[in-house]
Protein chains: 2
Amino acid sequence: MDKKTVGLSETFKGNMTPKSFTKNPIKGTKFTIAISSAKGGVGKSTFAMNFALALKSTGSKVGILDADIYGPSLPKMMSINKKPESKDGKGLIPIEQYGVQCMSIGFLVDETTPMIWRGPMVTSAIKTFTQKVLWNDLDFIVIDMPPGTGDTQLTFAQEIKVDGVIIVSTPQEIALLDVKRGIRMFDKLKVPILGLVDNMSFFETDDGKNYNIFGEGGVEKVAINYKKEFLGKIPINIDLRVAADTGKPLVEKNPDHKVSKIIVEIAKKIKRSFP
Amino acid sequence: MDKKTVGLSETFKGNMTPKSFTKNPIKGTKFTIAISSAKGGVGKSTFAMNFALALKSTGSKVGILDADIYGPSLPKMMSINKKPESKDGKGLIPIEQYGVQCMSIGFLVDETTPMIWRGPMVTSAIKTFTQKVLWNDLDFIVIDMPPGTGDTQLTFAQEIKVDGVIIVSTPQEIALLDVKRGIRMFDKLKVPILGLVDNMSFFETDDGKNYNIFGEGGVEKVAINYKKEFLGKIPINIDLRVAADTGKPLVEKNPDHKVSKIIVEIAKKIKRSFP
């Protein structure tokens, strides 16, 4: 038979030549930490908001940039329902909530308006958020990244000095594939990986029984295999979800909650790796 | 004070003029059904595979196109670990598994390789999959869409005759925002919405107690508000997750499982809306 199997290069022809880029820090900020998960729906935004508030609780000045253009979560999770102001019609003033400076595409449009945009528009939005927001003297800016390995990730990796990325995942096999893709992407783009978080790790019932709904131990295994730090396990917790749904992240609402304490511990661990 | 609030149009300037497009069915197929969720991680791929197998079990000829370029799930969920063949070096022959014709970007690259691509490359891949795959006499092609409202969604909506879309979501508030964005996108792009599925609806413990981990009733409420059909609730189920993780979707592995039966009922309901 005159058959052959087909690989990627024969199927798609694209310009793969590497370019060189100048990486700048985000103006008004010292360190940029991206919260990423190649797969969506693993609790990345919930973690990002709580992590930012945990960093704040340790005495740092913190901002959050919601870089998920297609699915912004920040306005709802942080109860922000107003448009940012501008003194000169150019620079956007971030909105402060719970002591943290915030910016999201969701501030600029009604919350149910879909951004039906192709990649170049997304890139332009990300550039606006990193270049034209008047972040004020931040120690850390936490970036809530969208899922995937596309335009937003490339724009950050190529044009912004990202000091480190935390990869969040649930432990099921199919999510771990995305974690591996994420690790390989950031390694290739030379963005340091600060560590991996196992989210929705297990579910504890009222009578104390644990269910490994999404499997067990997968994220830690990947961390070991790829020689990355394992930052910890966060259980599936209804209080954590309700706090996010009602606009005040658990770390802010109830800092003594056992899940808040886990996230604050992760924040302290991360902070120690910065000067 | 000389301040003003800033809206979207002043912040980003883009060409928003609507264009007109010719929509064609995917060659070799009768009807195209897209499985979508603006938010990732809601079990969309697991639903898509099981739904396709459920359609097959009702006697239809079915194919699955994995349109998630950044996070393909099909190869793992359907246990496919080979490259597609081509007789002429142009048309790709889909790979048949469990009686269903399959295609995924994951067939063309190693499963942990990230596709670090900007939007135009994604569009080109989608066009290849819809124009150059030799689908063979299918009644239905099920499209597993990526999350978001970007390049892939636009390419399908503008260039392919999509006969209907099923929107999958978990019931928590923050996911419902994405559902609303998704509904508005498909309404705007004039793609008919067949209905909404409430996935990971509740978790049932061994002793029969139900936990509404992600909240309750949210998807059905959105369906009512937006005058869309509500197709049903699928519980969080460890058997469903394990079957997906181990490469044989539950509907195929155990058609008598209560969750399989729910999905087969949804498939029958959808099938009745087609001639």
# chains A, B, ... in the order shown; residues from 1 in each chain; ligands from 1
$ interface_residues --of "chain A" --to "chain B" --cutoff "7 Å" --atoms "only C-alpha atoms" --output "PyMOL selection string"
chain A and resi 2-8+12+39-42+70-71+73+83-87+108-109+112-119+125+148-151+173-174+177-178+180-182+184-185+213+238+245
$ select_by_dssp --residues "region 105-189 of chain A" --states "helix (DSSP H, G or I)" --output "VMD selection string"
chain A and resid 105 to 107 119 to 131 151 to 159 173 to 188
$ select_by_dssp --residues "region 42-226 of chain A" --states "strand (DSSP E or B)" --output "mmCIF file with C-alpha atoms, in the first residue's frame"
data_model
loop_
_atom_site.group_PDB
_atom_site.id
_atom_site.type_symbol
_atom_site.label_atom_id
_atom_site.label_comp_id
_atom_site.auth_asym_id
_atom_site.auth_seq_id
_atom_site.Cartn_x
_atom_site.Cartn_y
_atom_site.Cartn_z
ATOM 1 C CA VAL A 62 0.584 43.487 45.924
ATOM 2 C CA GLY A 63 -1.345 43.876 42.674
ATOM 3 C CA ILE A 64 -3.344 41.388 40.618
ATOM 4 C CA LEU A 65 -3.554 41.525 36.851
ATOM 5 C CA ASP A 66 -6.305 39.327 35.444
ATOM 6 C CA GLU A 85 -10.296 55.987 36.015
ATOM 7 C CA SER A 86 -7.705 57.812 34.002
ATOM 8 C CA LEU A 92 -5.389 53.417 33.673
ATOM 9 C CA ILE A 95 -8.803 49.642 41.364
ATOM 10 C CA GLU A 96 -7.851 48.898 44.975
ATOM 11 C CA GLN A 97 -9.831 46.260 46.845
ATOM 12 C CA VAL A 100 -4.620 45.000 46.625
ATOM 13 C CA GLN A 101 -4.372 46.883 43.302
ATOM 14 C CA CYS A 102 -6.476 45.180 40.605
ATOM 15 C CA MET A 103 -6.941 45.308 36.839
ATOM 16 C CA SER A 104 -9.109 43.152 34.554
ATOM 17 C CA VAL A 133 -1.725 50.604 33.947
ATOM 18 C CA LEU A 138 4.213 47.144 44.129
ATOM 19 C CA ASP A 139 6.498 44.495 45.600
ATOM 20 C CA PHE A 140 4.659 41.779 43.682
ATOM 21 C CA ILE A 141 2.270 41.711 40.777
ATOM 22 C CA VAL A 142 0.382 38.420 40.532
ATOM 23 C CA ILE A 143 -0.766 37.541 37.008
ATOM 24 C CA ASP A 144 -3.839 35.322 36.663
ATOM 25 C CA ILE A 160 7.771 40.934 30.170
ATOM 26 C CA GLY A 164 8.538 33.135 38.192
ATOM 27 C CA VAL A 165 5.492 31.048 37.478
ATOM 28 C CA ILE A 166 3.420 28.840 39.772
ATOM 29 C CA ILE A 167 1.638 26.023 37.972
ATOM 30 C CA VAL A 168 -1.688 24.935 39.447
ATOM 31 C CA SER A 169 -3.357 21.640 38.573
ATOM 32 C CA ILE A 193 9.044 27.781 37.426
ATOM 33 C CA LEU A 194 8.696 28.473 41.164
ATOM 34 C CA GLY A 195 6.727 25.322 41.833
ATOM 35 C CA LEU A 196 3.594 23.226 41.389
ATOM 36 C CA VAL A 197 0.391 23.273 43.448
ATOM 37 C CA ASP A 198 -1.964 20.286 43.699
ATOM 38 C CA ASN A 199 -5.430 21.877 43.824
ATOM 39 C CA MET A 200 -8.781 20.142 44.460
ATOM 40 C CA SER A 201 -6.529 17.473 45.881
ATOM 41 C CA PHE A 202 -9.206 15.596 47.823
ATOM 42 C CA PHE A 203 -12.703 16.168 49.243
ATOM 43 C CA GLU A 204 -13.379 15.809 52.931
ATOM 44 C CA ASN A 210 -11.579 11.781 52.319
ATOM 45 C CA TYR A 211 -12.423 11.109 48.668
#
$ atom_distance --atom1 "CA of Val264 (chain B)" --atom2 "CA of Ala54 (chain B)"
4.9 Å
$ closest_residue --among "B:Lys227, B:Gly232, B:Gln158, B:Gly99" --to "Gly59 (chain B)" --atoms "only C-alpha atoms"
B:Gly99
$ atom_distance --atom1 "CA of Asp137 (chain B)" --atom2 "CA of Leu231 (chain B)"
27.4 Å
$ atom_distance --atom1 "CA of Met78 (chain B)" --atom2 "CA of Pro94 (chain B)"
13.1 Å
$ residues_around --residues "Tyr98 (chain A)" --least-positions-apart "3" --cutoff "10 Å" --atoms "only C-alpha atoms" --output "short mmCIF file (atom, residue, chain, number, x, y, z; two decimals) with all heavy atoms, in the first residue's frame"
data_model
loop_
_atom_site.label_atom_id
_atom_site.label_comp_id
_atom_site.auth_asym_id
_atom_site.auth_seq_id
_atom_site.Cartn_x
_atom_site.Cartn_y
_atom_site.Cartn_z
N LEU A 53 -3.69 37.79 48.12
CA LEU A 53 -4.09 38.30 49.44
C LEU A 53 -3.21 37.71 50.54
O LEU A 53 -2.93 38.37 51.54
CB LEU A 53 -5.57 38.00 49.68
CG LEU A 53 -6.49 38.86 48.79
CD1 LEU A 53 -7.87 38.27 48.68
CD2 LEU A 53 -6.56 40.30 49.33
N LYS A 56 -0.09 39.73 50.50
CA LYS A 56 -0.38 41.00 51.17
C LYS A 56 -0.35 40.83 52.69
O LYS A 56 0.22 41.65 53.41
CB LYS A 56 -1.75 41.53 50.73
CG LYS A 56 -2.08 42.90 51.31
CD LYS A 56 -3.56 43.14 51.45
CE LYS A 56 -4.19 42.27 52.55
NZ LYS A 56 -5.58 42.60 52.84
N MET A 78 -13.44 39.42 43.39
CA MET A 78 -12.99 40.50 44.27
C MET A 78 -14.08 41.57 44.45
O MET A 78 -13.79 42.66 44.97
CB MET A 78 -11.71 41.14 43.70
CG MET A 78 -10.51 40.23 43.64
SD MET A 78 -9.73 39.90 45.27
CE MET A 78 -8.80 41.42 45.52
N SER A 79 -15.32 41.27 44.02
CA SER A 79 -16.44 42.22 44.19
C SER A 79 -16.15 43.61 43.64
O SER A 79 -16.35 44.61 44.35
CB SER A 79 -16.77 42.45 45.68
OG SER A 79 -17.44 41.37 46.21
N GLN A 101 -4.06 46.16 44.54
CA GLN A 101 -4.37 46.88 43.30
C GLN A 101 -4.78 45.89 42.20
O GLN A 101 -4.07 44.90 41.97
CB GLN A 101 -3.16 47.71 42.85
CG GLN A 101 -2.79 48.83 43.82
CD GLN A 101 -1.46 49.47 43.51
OE1 GLN A 101 -1.05 49.58 42.35
NE2 GLN A 101 -0.76 49.92 44.55
N CYS A 102 -5.90 46.17 41.53
CA CYS A 102 -6.48 45.18 40.61
C CYS A 102 -6.72 45.76 39.21
O CYS A 102 -7.11 46.92 39.08
CB CYS A 102 -7.82 44.69 41.13
SG CYS A 102 -7.76 43.94 42.77
N LYS A 248 -15.39 37.64 48.14
CA LYS A 248 -14.35 37.94 49.14
C LYS A 248 -13.54 36.67 49.37
O LYS A 248 -13.98 35.77 50.10
CB LYS A 248 -14.99 38.42 50.45
CG LYS A 248 -13.98 39.00 51.42
CD LYS A 248 -14.68 39.78 52.53
CE LYS A 248 -13.66 40.57 53.34
NZ LYS A 248 -14.32 41.42 54.35
N PRO A 249 -12.37 36.59 48.76
CA PRO A 249 -11.58 35.35 48.84
C PRO A 249 -11.34 34.90 50.28
O PRO A 249 -11.22 35.72 51.19
CB PRO A 249 -10.27 35.73 48.14
CG PRO A 249 -10.67 36.79 47.15
CD PRO A 249 -11.72 37.59 47.87
N GLU A 252 -8.90 36.39 52.77
CA GLU A 252 -9.29 37.69 53.30
C GLU A 252 -10.47 37.58 54.27
O GLU A 252 -10.50 38.21 55.32
CB GLU A 252 -9.68 38.61 52.13
CG GLU A 252 -9.99 40.04 52.51
CD GLU A 252 -8.78 40.83 53.00
OE1 GLU A 252 -7.63 40.40 52.74
OE2 GLU A 252 -8.98 41.88 53.66
N LYS A 253 -11.42 36.71 53.90
CA LYS A 253 -12.65 36.58 54.67
C LYS A 253 -12.41 35.87 55.99
O LYS A 253 -12.96 36.23 57.02
CB LYS A 253 -13.65 35.77 53.83
CG LYS A 253 -15.06 35.70 54.33
CD LYS A 253 -15.90 34.90 53.34
CE LYS A 253 -17.33 34.73 53.80
NZ LYS A 253 -18.08 33.90 52.82
#
